[in-house]
>>> print(open('my_file.cif').read())   # mmCIF, C-alpha atoms
data_query
loop_
_atom_site.label_atom_id
_atom_site.label_comp_id
_atom_site.auth_asym_id
_atom_site.auth_seq_id
_atom_site.Cartn_x
_atom_site.Cartn_y
_atom_site.Cartn_z
CA MET R 1 -12.55 -12.08 -42.75
CA ALA R 2 -14.22 -14.41 -45.23
CA VAL R 3 -12.19 -17.50 -46.02
CA ALA R 4 -12.55 -19.22 -49.38
CA SER R 5 -12.17 -22.98 -49.60
CA LYS R 6 -11.85 -25.80 -52.09
CA THR R 7 -12.21 -29.52 -51.37
CA TRP R 8 -11.37 -32.59 -53.41
CA LYS R 9 -9.96 -36.12 -53.07
CA ALA R 10 -6.31 -37.05 -53.54
CA LEU R 11 -3.80 -39.48 -52.04
CA GLY R 12 -6.74 -41.60 -50.91
CA THR R 13 -8.05 -38.89 -48.61
CA SER R 14 -9.79 -35.52 -48.52
CA VAL R 15 -7.94 -32.36 -49.43
CA HIS R 16 -9.07 -28.98 -48.12
CA VAL R 17 -7.44 -25.73 -49.19
CA LEU R 18 -8.48 -22.49 -47.50
CA ALA R 19 -7.28 -19.04 -48.50
CA THR R 20 -7.74 -15.78 -46.64
CA ASP R 21 -7.89 -13.93 -49.97
CA PRO R 22 -10.65 -15.54 -52.05
CA GLN R 23 -9.09 -14.23 -55.23
CA GLN R 24 -5.98 -16.28 -54.52
CA LEU R 25 -7.78 -19.56 -53.93
CA ARG R 26 -7.38 -20.76 -57.52
CA ALA R 27 -3.62 -20.17 -57.47
CA ALA R 28 -3.36 -21.97 -54.14
CA GLU R 29 -5.42 -24.89 -55.40
CA MET R 30 -3.31 -25.32 -58.52
CA ALA R 31 -0.08 -25.25 -56.50
CA VAL R 32 -1.42 -27.84 -54.06
CA ARG R 33 -2.62 -30.12 -56.85
CA GLU R 34 0.81 -30.02 -58.45
CA VAL R 35 2.58 -30.93 -55.21
CA LEU R 36 0.15 -33.78 -54.52
CA ASP R 37 0.64 -35.17 -58.03
CA ASP R 38 4.38 -35.19 -57.41
CA VAL R 39 3.92 -36.81 -54.00
CA ASP R 40 1.67 -39.52 -55.40
CA ALA R 41 4.19 -40.38 -58.09
CA ALA R 42 7.11 -40.30 -55.68
CA TYR R 43 6.02 -42.17 -52.59
CA SER R 44 2.62 -43.79 -52.86
CA ARG R 45 2.94 -47.31 -51.47
CA PHE R 46 -0.08 -48.43 -53.47
CA ARG R 47 1.06 -47.45 -56.95
CA ALA R 48 3.25 -50.08 -58.56
CA ASP R 49 4.85 -47.37 -60.68
CA SER R 50 5.70 -45.01 -57.82
CA GLU R 51 9.34 -44.43 -57.04
CA LEU R 52 8.84 -45.86 -53.55
CA SER R 53 7.34 -49.10 -54.90
CA ARG R 54 10.26 -49.47 -57.29
CA LEU R 55 12.71 -48.79 -54.47
CA ASN R 56 11.03 -51.32 -52.17
CA ALA R 57 11.29 -53.92 -54.94
CA ARG R 58 15.04 -53.36 -55.31
CA GLY R 59 16.40 -54.39 -51.94
CA GLY R 60 20.12 -54.97 -51.95
CA ARG R 61 20.78 -52.43 -54.69
CA THR R 62 21.54 -48.73 -54.74
CA VAL R 63 18.75 -46.81 -56.43
CA ASN R 64 18.61 -43.28 -57.80
CA VAL R 65 15.72 -41.31 -56.38
CA SER R 66 14.15 -37.95 -57.11
CA PRO R 67 14.77 -34.95 -54.84
CA LEU R 68 11.23 -35.33 -53.51
CA LEU R 69 11.61 -38.98 -52.52
CA ALA R 70 15.05 -38.24 -51.07
CA THR R 71 13.49 -35.51 -48.94
CA ALA R 72 10.62 -37.77 -47.86
CA ILE R 73 12.96 -40.60 -46.86
CA SER R 74 15.35 -38.25 -45.09
CA THR R 75 12.43 -36.76 -43.17
CA ALA R 76 11.27 -40.24 -42.15
CA LEU R 77 14.77 -41.15 -40.99
CA THR R 78 15.08 -37.93 -39.02
CA ALA R 79 11.75 -38.73 -37.37
CA ALA R 80 13.08 -42.15 -36.45
CA SER R 81 16.23 -40.62 -35.01
CA ALA R 82 14.32 -37.98 -33.03
CA THR R 83 12.00 -40.61 -31.56
CA HIS R 84 14.71 -43.24 -31.03
CA GLY R 85 12.99 -45.54 -33.48
CA VAL R 86 9.48 -45.24 -32.10
CA VAL R 87 8.42 -43.90 -35.49
CA ASP R 88 10.32 -46.01 -38.02
CA PRO R 89 9.88 -46.18 -41.81
CA THR R 90 11.15 -49.76 -42.04
CA ILE R 91 7.72 -51.03 -40.98
CA GLY R 92 6.81 -51.45 -44.67
CA ARG R 93 6.88 -55.24 -44.70
CA ALA R 94 5.17 -55.50 -41.30
CA ILE R 95 2.25 -53.32 -42.28
CA ARG R 96 1.88 -55.18 -45.57
CA ILE R 97 1.81 -58.55 -43.80
CA ALA R 98 -0.73 -57.15 -41.35
CA GLY R 99 -3.05 -56.71 -44.31
CA TYR R 100 -2.56 -53.09 -45.32
CA ASP R 101 -1.29 -53.98 -48.75
CA ASP R 102 -3.53 -51.94 -51.01
CA ASP R 103 -5.42 -48.69 -51.15
CA PHE R 104 -7.41 -48.62 -47.92
CA ALA R 105 -10.78 -48.63 -49.68
CA ARG R 106 -9.93 -52.09 -51.05
CA ILE R 107 -8.80 -53.77 -47.81
CA ALA R 108 -11.56 -52.76 -45.43
CA GLY R 109 -13.55 -56.01 -45.63
CA ASP R 110 -12.73 -59.18 -43.68
CA ARG R 111 -10.66 -61.44 -45.90
CA GLY R 112 -10.24 -64.18 -43.37
CA PRO R 113 -7.51 -64.91 -40.84
CA ILE R 114 -3.85 -64.11 -41.33
CA ALA R 115 -0.83 -65.32 -39.39
CA LEU R 116 0.97 -62.54 -37.53
CA ARG R 117 4.18 -63.04 -35.63
CA ALA R 118 5.83 -60.48 -33.41
CA ALA R 119 9.21 -59.46 -34.77
CA THR R 120 11.16 -56.24 -34.45
CA VAL R 121 11.33 -54.34 -37.74
CA PRO R 122 14.75 -54.03 -39.41
CA GLY R 123 15.25 -50.51 -38.06
CA TRP R 124 15.82 -47.16 -39.72
CA GLN R 125 19.61 -47.43 -39.29
CA VAL R 126 19.81 -49.98 -42.12
CA VAL R 127 18.65 -47.42 -44.69
CA ARG R 128 21.52 -45.69 -46.45
CA VAL R 129 20.83 -42.34 -48.08
CA ASP R 130 23.41 -40.42 -50.09
CA SER R 131 21.91 -36.95 -50.16
CA ALA R 132 24.50 -35.59 -52.57
CA ALA R 133 24.20 -38.43 -55.06
CA LYS R 134 20.44 -38.76 -54.46
CA THR R 135 20.66 -42.50 -53.98
CA VAL R 136 19.08 -44.85 -51.46
CA HIS R 137 20.10 -48.37 -50.54
CA LEU R 138 17.78 -50.76 -48.73
CA PRO R 139 19.01 -54.16 -47.60
CA GLU R 140 17.21 -57.06 -49.22
CA GLY R 141 13.82 -57.68 -47.61
CA VAL R 142 13.52 -54.18 -46.16
CA GLU R 143 10.51 -52.17 -47.28
CA LEU R 144 9.78 -48.54 -46.42
CA ASP R 145 6.43 -47.11 -45.44
CA LEU R 146 6.37 -43.32 -45.16
CA GLY R 147 2.89 -43.16 -43.69
CA SER R 148 3.97 -41.56 -40.43
CA THR R 149 5.57 -38.57 -42.12
CA GLY R 150 4.68 -38.59 -45.82
CA LYS R 151 1.21 -37.10 -45.73
CA ALA R 152 2.23 -34.46 -43.22
CA LEU R 153 5.28 -33.58 -45.30
CA ALA R 154 2.99 -33.25 -48.29
CA ALA R 155 0.79 -30.86 -46.31
CA ASP R 156 3.81 -28.73 -45.36
CA LEU R 157 5.11 -28.69 -48.93
CA ALA R 158 1.70 -27.93 -50.37
CA ALA R 159 1.09 -25.07 -47.95
CA HIS R 160 4.43 -23.49 -48.80
CA ALA R 161 3.89 -23.99 -52.52
CA ALA R 162 0.43 -22.47 -52.31
CA HIS R 163 1.66 -19.50 -50.31
CA THR R 164 4.41 -18.95 -52.84
CA ALA R 165 1.90 -19.02 -55.68
CA MET R 166 -0.45 -16.57 -54.00
CA LYS R 167 -0.04 -12.84 -54.35
CA SER R 168 -1.53 -12.08 -50.96
CA GLY R 169 -2.92 -13.61 -47.82
CA GLY R 170 -2.43 -16.93 -46.15
CA VAL R 171 -3.37 -20.53 -46.79
CA LEU R 172 -4.33 -23.66 -44.90
CA VAL R 173 -3.90 -27.11 -46.40
CA SER R 174 -5.51 -30.16 -44.82
CA LEU R 175 -4.74 -33.65 -46.07
CA GLY R 176 -7.01 -36.06 -44.27
CA GLY R 177 -6.86 -33.99 -41.12
CA ASP R 178 -3.11 -33.31 -41.23
CA ILE R 179 -3.00 -29.53 -41.37
CA ALA R 180 -0.30 -27.06 -42.40
CA VAL R 181 -0.65 -23.29 -42.66
CA ALA R 182 1.49 -20.63 -44.31
CA GLY R 183 1.31 -16.88 -44.53
CA ASP R 184 -1.20 -14.67 -42.79
CA SER R 185 -3.94 -16.33 -40.80
CA PRO R 186 -7.49 -15.09 -40.36
CA GLU R 187 -8.09 -12.90 -37.32
CA GLY R 188 -7.73 -15.10 -34.24
CA GLY R 189 -6.08 -17.89 -36.21
CA TRP R 190 -7.18 -20.79 -38.37
CA ARG R 191 -10.03 -22.68 -36.76
CA VAL R 192 -9.61 -26.42 -36.36
CA LEU R 193 -12.20 -28.81 -34.95
CA VAL R 194 -10.41 -31.55 -33.05
CA ALA R 195 -12.01 -34.94 -33.62
CA GLU R 196 -11.08 -38.59 -33.86
CA ASP R 197 -12.12 -38.87 -37.49
CA SER R 198 -11.19 -36.28 -40.09
CA ALA R 199 -14.47 -37.02 -41.83
CA VAL R 200 -16.40 -35.39 -38.98
CA PRO R 201 -18.07 -32.25 -40.37
CA PRO R 202 -16.30 -29.13 -39.08
CA ASP R 203 -19.52 -27.67 -37.69
CA SER R 204 -20.01 -30.68 -35.38
CA ASP R 205 -19.84 -30.51 -31.62
CA GLY R 206 -16.34 -30.61 -30.20
CA GLN R 207 -13.42 -28.43 -29.28
CA VAL R 208 -12.31 -25.86 -31.83
CA ILE R 209 -8.77 -24.58 -31.50
CA CYS R 210 -7.14 -21.69 -33.33
CA VAL R 211 -3.61 -21.81 -34.71
CA GLY R 212 -1.74 -19.00 -36.39
CA SER R 213 1.22 -20.91 -37.74
CA GLY R 214 2.76 -24.36 -37.94
CA GLY R 215 0.75 -27.53 -38.16
CA VAL R 216 -1.80 -29.76 -36.49
CA ALA R 217 -1.94 -33.52 -36.88
CA THR R 218 -4.01 -36.32 -35.45
CA SER R 219 -3.07 -39.98 -35.35
CA SER R 220 -5.75 -42.47 -34.48
CA THR R 221 -6.24 -46.21 -34.30
CA THR R 222 -9.99 -45.79 -34.72
CA VAL R 223 -10.31 -44.85 -38.38
CA ARG R 224 -7.94 -46.78 -40.64
CA ARG R 225 -8.91 -50.22 -39.35
CA TRP R 226 -9.58 -53.51 -41.03
CA THR R 227 -10.57 -57.01 -39.95
CA ARG R 228 -8.86 -60.31 -40.62
CA GLY R 229 -10.42 -63.47 -39.25
CA GLY R 230 -12.44 -61.45 -36.79
CA THR R 231 -9.40 -59.59 -35.45
CA VAL R 232 -9.45 -55.82 -35.80
CA LEU R 233 -6.16 -54.36 -36.99
CA HIS R 234 -4.98 -50.80 -37.59
CA HIS R 235 -2.21 -48.96 -39.38
CA ILE R 236 -0.04 -47.68 -36.53
CA ILE R 237 2.70 -50.27 -36.19
CA ASP R 238 4.91 -50.65 -33.13
CA PRO R 239 8.43 -51.14 -34.54
CA LYS R 240 9.39 -53.28 -31.54
CA THR R 241 6.81 -55.93 -32.41
CA GLY R 242 5.97 -55.26 -36.02
CA LEU R 243 2.32 -55.46 -34.98
CA PRO R 244 -0.40 -52.81 -34.61
CA SER R 245 0.28 -50.87 -31.43
CA SER R 246 -1.79 -51.74 -28.39
CA GLY R 247 -1.22 -48.87 -25.99
CA PRO R 248 -3.71 -46.87 -23.93
CA TRP R 249 -4.27 -44.07 -26.47
CA ARG R 250 -6.62 -44.45 -29.41
CA THR R 251 -6.25 -40.91 -30.73
CA VAL R 252 -3.62 -38.21 -30.26
CA THR R 253 -3.65 -34.67 -31.67
CA VAL R 254 -0.57 -32.42 -31.53
CA VAL R 255 0.13 -28.81 -32.48
CA ALA R 256 3.71 -28.17 -33.58
CA ARG R 257 5.96 -25.96 -35.64
CA THR R 258 5.26 -28.00 -38.77
CA CYS R 259 2.70 -30.60 -39.72
CA VAL R 260 5.51 -33.16 -39.98
CA ASP R 261 6.52 -32.47 -36.40
CA ALA R 262 2.94 -32.71 -35.24
CA ASN R 263 2.40 -36.01 -37.00
CA ILE R 264 5.65 -37.51 -35.75
CA ALA R 265 4.72 -36.58 -32.19
CA ALA R 266 1.14 -37.82 -32.50
CA THR R 267 2.20 -41.19 -33.91
CA ALA R 268 5.06 -41.53 -31.43
CA ALA R 269 2.64 -40.86 -28.58
CA ILE R 270 0.32 -43.67 -29.63
CA VAL R 271 3.20 -46.12 -29.95
CA GLN R 272 4.88 -45.05 -26.70
CA GLY R 273 1.76 -45.48 -24.61
CA GLU R 274 1.90 -44.08 -21.09
CA ALA R 275 5.46 -42.81 -21.57
CA ALA R 276 4.13 -40.37 -24.14
CA VAL R 277 2.86 -37.97 -21.48
CA ALA R 278 6.34 -37.15 -20.14
CA TRP R 279 7.80 -37.25 -23.66
CA LEU R 280 5.31 -34.65 -24.92
CA GLN R 281 5.67 -32.48 -21.83
CA ALA R 282 9.45 -32.42 -22.19
CA ARG R 283 9.01 -31.03 -25.69
CA HIS R 284 6.40 -28.43 -24.73
CA LEU R 285 4.06 -29.75 -27.38
CA PRO R 286 0.36 -29.00 -26.95
CA ALA R 287 -1.36 -32.36 -27.19
CA ARG R 288 -4.74 -33.98 -26.71
CA LEU R 289 -4.74 -37.69 -25.92
CA VAL R 290 -7.84 -39.88 -25.98
CA GLU R 291 -7.72 -43.10 -23.99
CA ASN R 292 -9.27 -46.26 -25.34
CA ASP R 293 -12.22 -45.72 -22.98
CA GLY R 294 -12.77 -42.18 -24.28
CA THR R 295 -11.14 -40.29 -21.41
CA ILE R 296 -9.39 -37.19 -22.73
CA HIS R 297 -6.09 -35.82 -21.41
CA TYR R 298 -4.62 -32.42 -22.29
CA ILE R 299 -0.84 -32.05 -22.27
CA GLY R 300 1.28 -28.91 -22.20
CA PRO R 301 -0.16 -25.63 -23.44
CA TRP R 302 -3.28 -27.13 -24.97
CA PRO R 303 -6.22 -24.70 -24.87
CA ASP R 304 -8.69 -25.14 -22.04
CA PRO R 305 -11.55 -27.18 -23.52
CA ASP R 306 -14.03 -25.64 -21.06
CA ARG R 307 -13.34 -22.10 -22.13
CA VAL R 308 -15.85 -20.60 -24.49
CA ALA R 309 -14.31 -18.35 -27.09
CA ALA R 310 -15.34 -14.74 -27.01
CA MET O 1 17.81 -50.67 -62.14
CA LYS O 2 14.90 -49.63 -64.33
CA SER O 3 15.68 -46.83 -66.74
CA PHE O 4 13.67 -43.66 -66.47
CA THR O 5 11.32 -43.07 -69.36
CA ALA O 6 11.27 -39.79 -71.24
CA THR O 7 8.15 -38.86 -69.32
CA ASP O 8 9.89 -39.61 -66.04
CA ARG O 9 12.85 -37.48 -67.05
CA ASP O 10 10.67 -34.58 -68.15
CA ARG O 11 8.75 -34.76 -64.95
CA GLY O 12 11.92 -34.86 -62.90
CA LEU O 13 13.43 -31.94 -64.73
CA ARG O 14 10.27 -29.92 -64.37
CA ARG O 15 10.23 -30.70 -60.68
CA LEU O 16 13.86 -29.74 -60.30
CA ARG O 17 13.29 -26.45 -62.03
CA ARG O 18 10.28 -25.62 -59.96
CA LEU O 19 11.25 -26.88 -56.57
CA THR O 20 14.32 -26.69 -54.51
CA PHE O 21 14.00 -29.08 -51.70
CA GLY O 22 16.09 -28.29 -48.72
CA ALA O 23 18.18 -31.12 -47.50
CA VAL O 24 17.80 -32.35 -44.00
CA THR O 25 19.96 -29.99 -42.07
CA GLY O 26 21.18 -32.53 -39.62
CA ALA O 27 21.95 -29.81 -37.14
CA THR O 28 22.30 -31.41 -33.78
CA VAL O 29 21.12 -30.00 -30.54
CA ALA O 30 23.92 -30.91 -28.21
CA VAL O 31 21.87 -31.31 -25.08
CA PHE O 32 19.62 -34.05 -26.38
CA GLY O 33 21.51 -35.17 -29.44
CA MET O 34 18.44 -34.90 -31.59
CA THR O 35 18.33 -33.46 -35.03
CA TYR O 36 16.35 -30.82 -36.77
CA VAL O 37 13.72 -32.11 -39.15
CA ALA O 38 14.01 -31.07 -42.75
CA ALA O 39 11.87 -28.45 -44.22
CA ALA O 40 11.41 -28.02 -47.87
CA SER O 41 11.75 -24.67 -49.51
CA TYR O 42 10.61 -23.64 -52.87
CA ALA O 43 12.76 -21.85 -55.37
CA GLY O 44 13.06 -18.18 -54.61
CA LYS O 45 11.51 -18.45 -51.20
CA ALA O 46 13.37 -19.25 -48.07
CA SER O 47 11.94 -21.87 -45.83
CA THR O 48 10.30 -20.47 -42.76
CA ALA O 49 9.59 -23.69 -40.96
CA SER O 50 12.88 -25.42 -40.73
CA THR O 51 13.12 -26.47 -37.13
CA THR O 52 11.16 -28.80 -35.03
CA ALA O 53 9.88 -28.60 -31.52
CA LEU O 54 10.68 -32.29 -31.32
CA SER O 55 14.32 -31.47 -31.43
CA THR O 56 14.52 -28.45 -29.22
CA SER O 57 15.38 -28.50 -25.60
CA GLY O 58 13.19 -27.00 -22.96
CA SER O 59 15.41 -23.98 -22.87
CA THR O 60 14.76 -23.11 -26.49
CA ALA O 61 11.13 -24.08 -26.67
CA THR O 62 10.06 -20.98 -24.82
CA THR O 63 6.35 -21.38 -24.60
CA THR O 64 5.74 -19.53 -21.41
CA SER O 65 3.00 -21.55 -19.83
CA SER O 66 2.73 -25.24 -19.16
CA SER O 67 -0.91 -24.95 -18.25
CA PRO O 68 -3.69 -24.80 -20.79
CA SER O 69 -3.72 -21.49 -22.59
CA THR O 70 -6.95 -19.81 -23.39
CA ASP O 71 -5.73 -16.34 -24.14
CA GLN O 72 -6.68 -15.40 -27.67
CA SER O 73 -3.95 -12.80 -27.63
CA ALA O 74 -1.28 -15.17 -26.41
CA THR O 75 1.92 -14.66 -28.30
CA THR O 76 4.97 -16.77 -28.76
CA SER O 77 8.55 -15.88 -29.29
CA ALA O 78 10.31 -16.64 -32.53
CA THR O 79 11.67 -19.84 -31.06
CA ALA O 80 8.53 -21.07 -29.40
CA ALA O 81 6.37 -23.84 -30.71
CA PRO O 82 3.13 -22.50 -32.13
CA THR O 83 0.41 -22.14 -29.59
CA ALA O 84 -3.22 -22.98 -29.98
CA THR O 85 -6.11 -21.06 -28.48
CA THR O 86 -9.76 -21.77 -28.01
CA GLY O 87 -11.97 -20.88 -30.94
CA SER O 88 -15.51 -21.25 -32.09
CA SER O 89 -16.85 -23.15 -35.04
CA GLY O 90 -17.88 -21.23 -38.11
CA SER O 91 -17.13 -20.85 -41.76
CA GLY O 92 -13.55 -21.69 -42.56
CA THR O 93 -13.26 -24.37 -39.91
CA VAL O 94 -11.53 -27.63 -40.82
CA THR O 95 -11.36 -30.92 -38.94
CA SER O 96 -8.21 -32.56 -37.64
CA GLY O 97 -8.79 -36.23 -37.04
CA GLY O 98 -7.60 -39.64 -37.99
CA SER O 99 -7.85 -40.70 -41.60
#
>>> encode(input="my_file.cif", output="structure tokens")
Amino acid sequence: MAVASKTWKALGTSVHVLATDPQQLRAAEMAVREVLDDVDAAYSRFRADSELSRLNARGGRTVNVSPLLATAISTALTAASATHGVVDPTIGRAIRIAGYDDDFARIAGDRGPIALRAATVPGWQVVRVDSAAKTVHLPEGVELDLGSTGKALAADLAAHAAHTAMKSGGVLVSLGGDIAVAGDSPEGGWRVLVAEDSAVPPDSDGQVICVGSGGVATSSTTVRRWTRGGTVLHHIIDPKTGLPSSGPWRTVTVVARTCVDANIAATAAIVQGEAAVAWLQARHLPARLVENDGTIHYIGPWPDPDRVAA
Amino acid sequence: MKSFTATDRDRGLRRLRRLTFGAVTGATVAVFGMTYVAAASYAGKASTASTTALSTSGSTATTTSSSPSTDQSATTSATAAPTATTGSSGSGTVTSGGS
């Protein structure tokens, strides 16, 4: 079955939309664009006029939020609960102090040394959400970063919106390598090249897996990196230290029921380090973990990388 | 608190009309005490992805094999986490990687 695709840039990353019915691609694209516009306005950390930026600037006060931001924050808090704080949205101040304080394209160069001090982040329990009233209260000094769930949630929302807008077929939405699918899949499933960098062309060498539903996400310390005073930093923060994580895994890919789940698990695995293996196995999540030296481990029902597809 | 502008209000109202975001269900799995992750649903269409493998116990995540699966025809039950199978590169392939 021929799959039609459309690619563009949004949310500071690449967007890919694939539709099994080429005639429905335009409808899918428009639905995805609309969701991403809403997401950008609601919880971009790098737009001063986003709802999230306004919320982060109003510590100590109760703030009305849109349904979308309420959903995004609730999802982040649920992720924190499910991982016992390993994935925590209150890393906002820590990641900003570590140098990730602007759109990534503008921070990549070395701006000289910065002083970093290990300190546990405030913790997700300090965030108060009133789902009925659609209000959020952050204590003074607490800043949220929804990076561990926000993009994946956007992929899930966009895939569902696109599928709803289409009259037939199925759709895949990829936001910087975080992938959600909805509706019918191509025969054999949607094909996904597993790599460390989402910019790797999909026809490159590497393992291709097929998924028929749910989501795929990859977290990596190798791509979103920057240098300060000669020290290389990255965007995956360990909430216990408030510093970039330093475990044995540089890249983790997970297949799960939703893209949000996959991204939570992938990020949690990097932060947890060696404990991630048992944690992933207990949850029956197919996962691929790459050690810092390049050694690859396959967890749970991950497809055999040595098998050649028929 | 900053007042919403007319544009903000219009945008919010449009969003509310178009989207119905499901609240986090908060359903607790007794065995592990974890919660189900929210899924959003759009108006007129029920959410089909409302639970998370992160929150399910081994008894409900019924993927049948703990070894690598290579069977293209492998199926999962309604409660199982999605499985992945081996594929080959070609048109319609996308890349999952860090970004």
>>> residues_around(input="my_file.cif", residues="R:His284", least_positions_apart="2", cutoff="7 Å", atoms="only C-alpha atoms", output="ChimeraX atom specification")
/R:280-282,286,300 /O:61
>>> write_last_selection(input="my_file.cif", atoms="C-alpha atoms", output="compact mmCIF listing (two decimals), keeping the file's coordinate frame")
# COMPACT_ATOMS: atom_id res chain seq x y z
CA LEU R 280 5.31 -34.65 -24.92
CA GLN R 281 5.67 -32.48 -21.83
CA ALA R 282 9.45 -32.42 -22.19
CA PRO R 286 0.36 -29.00 -26.95
CA GLY R 300 1.28 -28.91 -22.20
CA ALA O 61 11.13 -24.08 -26.67
>>> resolve_selection(input="my_file.cif", expression="the PyMOL selection byres ((chain R and resi 271) around 10)", output="mmCIF file with C-alpha atoms, in the coordinates of the input")
data_model
loop_
_atom_site.group_PDB
_atom_site.id
_atom_site.type_symbol
_atom_site.label_atom_id
_atom_site.label_comp_id
_atom_site.auth_asym_id
_atom_site.auth_seq_id
_atom_site.Cartn_x
_atom_site.Cartn_y
_atom_site.Cartn_z
ATOM 1 C CA VAL R 86 9.480 -45.240 -32.100
ATOM 2 C CA VAL R 87 8.420 -43.900 -35.490
ATOM 3 C CA ILE R 236 -0.040 -47.680 -36.530
ATOM 4 C CA ILE R 237 2.700 -50.270 -36.190
ATOM 5 C CA ASP R 238 4.910 -50.650 -33.130
ATOM 6 C CA PRO R 239 8.430 -51.140 -34.540
ATOM 7 C CA LYS R 240 9.390 -53.280 -31.540
ATOM 8 C CA PRO R 244 -0.400 -52.810 -34.610
ATOM 9 C CA SER R 245 0.280 -50.870 -31.430
ATOM 10 C CA SER R 246 -1.790 -51.740 -28.390
ATOM 11 C CA GLY R 247 -1.220 -48.870 -25.990
ATOM 12 C CA PRO R 248 -3.710 -46.870 -23.930
ATOM 13 C CA TRP R 249 -4.270 -44.070 -26.470
ATOM 14 C CA ARG R 250 -6.620 -44.450 -29.410
ATOM 15 C CA ALA R 265 4.720 -36.580 -32.190
ATOM 16 C CA ALA R 266 1.140 -37.820 -32.500
ATOM 17 C CA THR R 267 2.200 -41.190 -33.910
ATOM 18 C CA ALA R 268 5.060 -41.530 -31.430
ATOM 19 C CA ALA R 269 2.640 -40.860 -28.580
ATOM 20 C CA ILE R 270 0.320 -43.670 -29.630
ATOM 21 C CA GLN R 272 4.880 -45.050 -26.700
ATOM 22 C CA GLY R 273 1.760 -45.480 -24.610
ATOM 23 C CA GLU R 274 1.900 -44.080 -21.090
ATOM 24 C CA ALA R 275 5.460 -42.810 -21.570
ATOM 25 C CA ALA R 276 4.130 -40.370 -24.140
#
>>> residues_around(input="my_file.cif", residues="R:Phe46", least_positions_apart="5", cutoff="12 Å", atoms="only C-alpha atoms", output="ChimeraX atom specification")
/R:11-12,40-41,51-54,56,92,96,100-107,145-147
>>> atom_distance(input="my_file.cif", atom1="atom CA of R:Val254", atom2="atom CA of O:Thr85")
13.0 Å
>>> resolve_selection(input="my_file.cif", expression="the PyMOL selection byres ((chain O and resi 99) around 12)", output="PyMOL selection string")
(chain R and resi 11-15+104-105+147-148+151-152+174-178+195-200+217-225+234-236+251) or (chain O and resi 95-98)
>>> atom_distance(input="my_file.cif", atom1="atom CA of R:Ser74", atom2="atom CA of R:Ser213")
23.5 Å
>>> resolve_selection(input="my_file.cif", expression="the PyMOL selection byres ((chain R and resi 80) around 12)", output="PyMOL selection string")
(chain R and resi 73-79+81-91+123-127+146+148-149+239+261+264-265+267-268) or (chain O and resi 34-37+54-55)
>>> atom_distance(input="my_file.cif", atom1="atom CA of R:Ile209", atom2="atom CA of O:Gly87")
4.9 Å
>>> residues_around(input="my_file.cif", residues="R:Asp130", least_positions_apart="2", cutoff="10 Å", atoms="all atoms listed in the file", output="PyMOL selection string")
chain R and resi 62+64-65+70+74+128+132-137
>>> residues_around(input="my_file.cif", residues="R:Val171", least_positions_apart="2", cutoff="6 Å", atoms="only C-alpha atoms", output="ChimeraX atom specification")
/R:18-19,181-182
>>> closest_residue(input="my_file.cif", among="R:Ser131, R:Asn292, R:Ser44, R:Thr227", to="chain O", atoms="all atoms listed in the file")
R:Ser131
>>> closest_residue(input="my_file.cif", among="R:Ile95, R:Ala278, R:Leu193, R:Val17", to="chain O", atoms="only C-alpha atoms")
R:Leu193
>>> residues_around(input="my_file.cif", residues="R:Ala154", least_positions_apart="6", cutoff="8 Å", atoms="all atoms listed in the file", output="list in words")
Val35, Leu36 and Val39 of chain R
>>> closest_residue(input="my_file.cif", among="R:Ala27, R:Val3, R:Ala108, R:Ala42", to="R:Val232", atoms="all atoms listed in the file")
R:Ala108
>>> closest_residue(input="my_file.cif", among="R:Arg288, R:Arg191, R:Arg33, R:Lys167", to="O:Val94", atoms="all atoms listed in the file")
R:Arg191
